[in-house]
Amino acid sequence: MQVDKIIQKIKKLGDPKVKKTKERFAIYAENSYGIFLKDIQVLAKEIGSNDNLAIKLFDTGIYEARLLVPHIFNPNNLTSKLMDKWVQTFENWEICDTFCMGFFGVSPHAYTKALTWPSNKGEYQKRAGFVCMVSYAFTNKDASNDDVRKFFSLIVQHAQDERKYVMKGINWALRQIAKRNSDLYQEAIDLAHHIKDLGGKEARWIANDALRQLKRPKISMKNYPRSIYGKK
């Protein structure tokens, strides 16, 4: 399928009402036609995997064309340079999370970006680092505790960022790390208490929400790495 035909399909699927609905959930995007993500995923299946086509679609600047990219580009073929280029264009939490969960976050560069992107200045560029932490913690079955612990210092360092989607990304990362195994769970609980003591409403929200969710009666643990925590 050629780029022009895909754009025609996007325009046909576009609905101003959908765009308004998404804006109510803080999904604002320039050059958008208004398509729900579930319909983007259907179109992606029709297109199939194609790295070169994905790059061309991204370069059109059309929001929905960019949302197709994580579904048709092989994450193993991502380069650090391409990831840095794309992350700078993120304009809302939807495209940030769509790229970082299951795409950037499972690429060979996921760990490096999780460690470096929290220093980005833009709200969604910074959030991308923490969502990469989420994806890495959720999907990497072999990462050691010491590797994952390196995320903790970044979580503390940025816990007083007042921007909503940075705060939510930090909170999400802390909770997902906790679910890897029993040791990291206790360390994440301790870290949440430390963050709470930092002061400021942002840090308190991150900590209190994490503690509330992590202290629920049933927490589903990944037990990663399985070579250690999968044993009975």
# chains A, B, ... in the order shown; residues from 1 in each chain; ligands from 1

call {"tool": "residues_around", "arguments": {"residues": "segment 150-155 of chain A", "least_positions_apart": "2", "cutoff": "9 Å", "atoms": "only C-alpha atoms", "output": "ChimeraX atom specification"}}
result
/A:114-115,118-119,130,133,145-148,157-159,170-171,173-174,177,188,191,195

call {"tool": "residues_around", "arguments": {"residues": "segment 17-32 of chain A", "least_positions_apart": "5", "cutoff": "6 Å", "atoms": "only C-alpha atoms", "output": "PyMOL selection string"}}
result
chain A and resi 62-63+92

call {"tool": "residues_around", "arguments": {"residues": "Thr116 of chain A", "least_positions_apart": "4", "cutoff": "8 Å", "atoms": "only C-alpha atoms", "output": "NGL selection string"}}
result
:A and (112 or 120 or 129)

call {"tool": "write_last_selection", "arguments": {"atoms": "N, CA and C atoms", "output": "PDB file, in the first residue's frame"}}
result
ATOM      1  N   THR A 112      18.658   2.555  27.524  1.00  0.00           N
ATOM      2  CA  THR A 112      19.401   3.813  27.417  1.00  0.00           C
ATOM      3  C   THR A 112      18.455   5.004  27.414  1.00  0.00           C
ATOM      4  N   ASN A 120      15.017  15.274  29.330  1.00  0.00           N
ATOM      5  CA  ASN A 120      14.431  16.115  28.292  1.00  0.00           C
ATOM      6  C   ASN A 120      13.609  17.240  28.915  1.00  0.00           C
ATOM      7  N   GLY A 129      10.688   9.100  28.736  1.00  0.00           N
ATOM      8  CA  GLY A 129      11.699   8.351  29.476  1.00  0.00           C
ATOM      9  C   GLY A 129      11.091   7.453  30.526  1.00  0.00           C
TER      10      GLY A 129
END

call {"tool": "closest_atom_pairs", "arguments": {"of": "segment 110-196 of chain A", "to": "segment 219-225 of chain A", "cutoff": "6 Å", "atoms": "only C-alpha atoms", "output": "JSON lines"}}
result
{"residue": "A:Lys141", "atom": "CA", "partner": "A:Tyr224", "partner_atom": "CA", "distance": 5.2}
{"residue": "A:Asp142", "atom": "CA", "partner": "A:Pro225", "partner_atom": "CA", "distance": 4.9}
{"residue": "A:Lys179", "atom": "CA", "partner": "A:Met221", "partner_atom": "CA", "distance": 4.8}
{"residue": "A:Arg180", "atom": "CA", "partner": "A:Lys222", "partner_atom": "CA", "distance": 4.9}
{"residue": "A:Asn181", "atom": "CA", "partner": "A:Asn223", "partner_atom": "CA", "distance": 4.6}

call {"tool": "write_last_selection", "arguments": {"atoms": "C-alpha atoms", "output": "PDB file, in the first residue's frame"}}
result
ATOM      1  CA  LYS A 141      12.172 -10.791  31.743  1.00  0.00           C
ATOM      2  CA  ASP A 142      15.941 -10.978  32.226  1.00  0.00           C
ATOM      3  CA  LYS A 179       5.564  -5.391  40.332  1.00  0.00           C
ATOM      4  CA  ARG A 180       8.685  -7.062  38.951  1.00  0.00           C
ATOM      5  CA  ASN A 181       9.432  -9.038  42.117  1.00  0.00           C
TER       6      ASN A 181
END

call {"tool": "residues_around", "arguments": {"residues": "Arg66 of chain A", "least_positions_apart": "6", "cutoff": "9 Å", "atoms": "only C-alpha atoms", "output": "JSON, numbers by chain"}}
result
{"A": [54, 55, 57, 58, 59, 60, 95]}

call {"tool": "write_last_selection", "arguments": {"atoms": "C-alpha atoms", "output": "mmCIF file, in the first residue's frame"}}
result
data_model
loop_
_atom_site.group_PDB
_atom_site.id
_atom_site.type_symbol
_atom_site.label_atom_id
_atom_site.label_comp_id
_atom_site.auth_asym_id
_atom_site.auth_seq_id
_atom_site.Cartn_x
_atom_site.Cartn_y
_atom_site.Cartn_z
ATOM 1 C CA ALA A 54 6.441 3.784 8.322
ATOM 2 C CA ILE A 55 9.196 6.390 7.995
ATOM 3 C CA LEU A 57 4.141 8.066 6.931
ATOM 4 C CA PHE A 58 5.763 9.717 9.916
ATOM 5 C CA ASP A 59 7.319 12.361 7.701
ATOM 6 C CA THR A 60 3.908 13.399 6.340
ATOM 7 C CA ILE A 95 1.298 9.417 20.936
#

call {"tool": "closest_residue", "arguments": {"among": "A:Arg163, A:Lys5, A:His194, A:Arg226", "to": "Leu53 of chain A", "atoms": "only C-alpha atoms"}}
result
A:Lys5

call {"tool": "closest_residue", "arguments": {"among": "A:Cys96, A:Ile47, A:Ala178, A:Val106", "to": "Asn76 of chain A", "atoms": "only C-alpha atoms"}}
result
A:Val106

call {"tool": "residues_around", "arguments": {"residues": "Lys12 of chain A", "least_positions_apart": "6", "cutoff": "12 Å", "atoms": "only C-alpha atoms", "output": "list in words"}}
result
Lys5, Ile6, Tyr33, Gly34, Ile35, Asp39, Leu43 and Glu64 of chain A

call {"tool": "atom_distance", "arguments": {"atom1": "atom CA of Trp117 of chain A", "atom2": "atom CA of Phe103 of chain A"}}
result
15.4 Å

call {"tool": "residues_around", "arguments": {"residues": "Arg204 of chain A", "least_positions_apart": "5", "cutoff": "10 Å", "atoms": "only C-alpha atoms", "output": "PDB file with C-alpha atoms, in the first residue's frame"}}
result
ATOM      1  CA  ALA A 159       9.494  13.709  41.534  1.00  0.00           C
ATOM      2  CA  GLN A 160       8.843  17.398  42.077  1.00  0.00           C
ATOM      3  CA  ALA A 192       7.540   6.091  47.833  1.00  0.00           C
ATOM      4  CA  HIS A 193       7.795   7.043  51.514  1.00  0.00           C
ATOM      5  CA  HIS A 194      11.049   8.850  50.776  1.00  0.00           C
ATOM      6  CA  ILE A 195       9.429  10.756  47.891  1.00  0.00           C
ATOM      7  CA  LYS A 196       6.550  11.723  50.151  1.00  0.00           C
ATOM      8  CA  ASP A 197       9.041  13.249  52.581  1.00  0.00           C
ATOM      9  CA  LEU A 198      10.528  15.440  49.848  1.00  0.00           C
ATOM     10  CA  GLY A 199       7.626  17.832  50.234  1.00  0.00           C
ATOM     11  CA  ASP A 209      -1.110   7.227  44.749  1.00  0.00           C
ATOM     12  CA  ALA A 210       1.659   4.644  44.362  1.00  0.00           C
TER      13      ALA A 210
END

call {"tool": "select_by_dssp", "arguments": {"residues": "segment 14-46 of chain A", "states": "helix (DSSP H, G or I)", "output": "PyMOL selection string"}}
result
chain A and resi 16-23+37-46

call {"tool": "atom_distance", "arguments": {"atom1": "atom CA of Phe73 of chain A", "atom2": "atom CA of Lys121 of chain A"}}
result
26.6 Å

call {"tool": "closest_residue", "arguments": {"among": "A:Asp161, A:Thr79, A:Met1, A:Ile189", "to": "Lys45 of chain A", "atoms": "only C-alpha atoms"}}
result
A:Met1
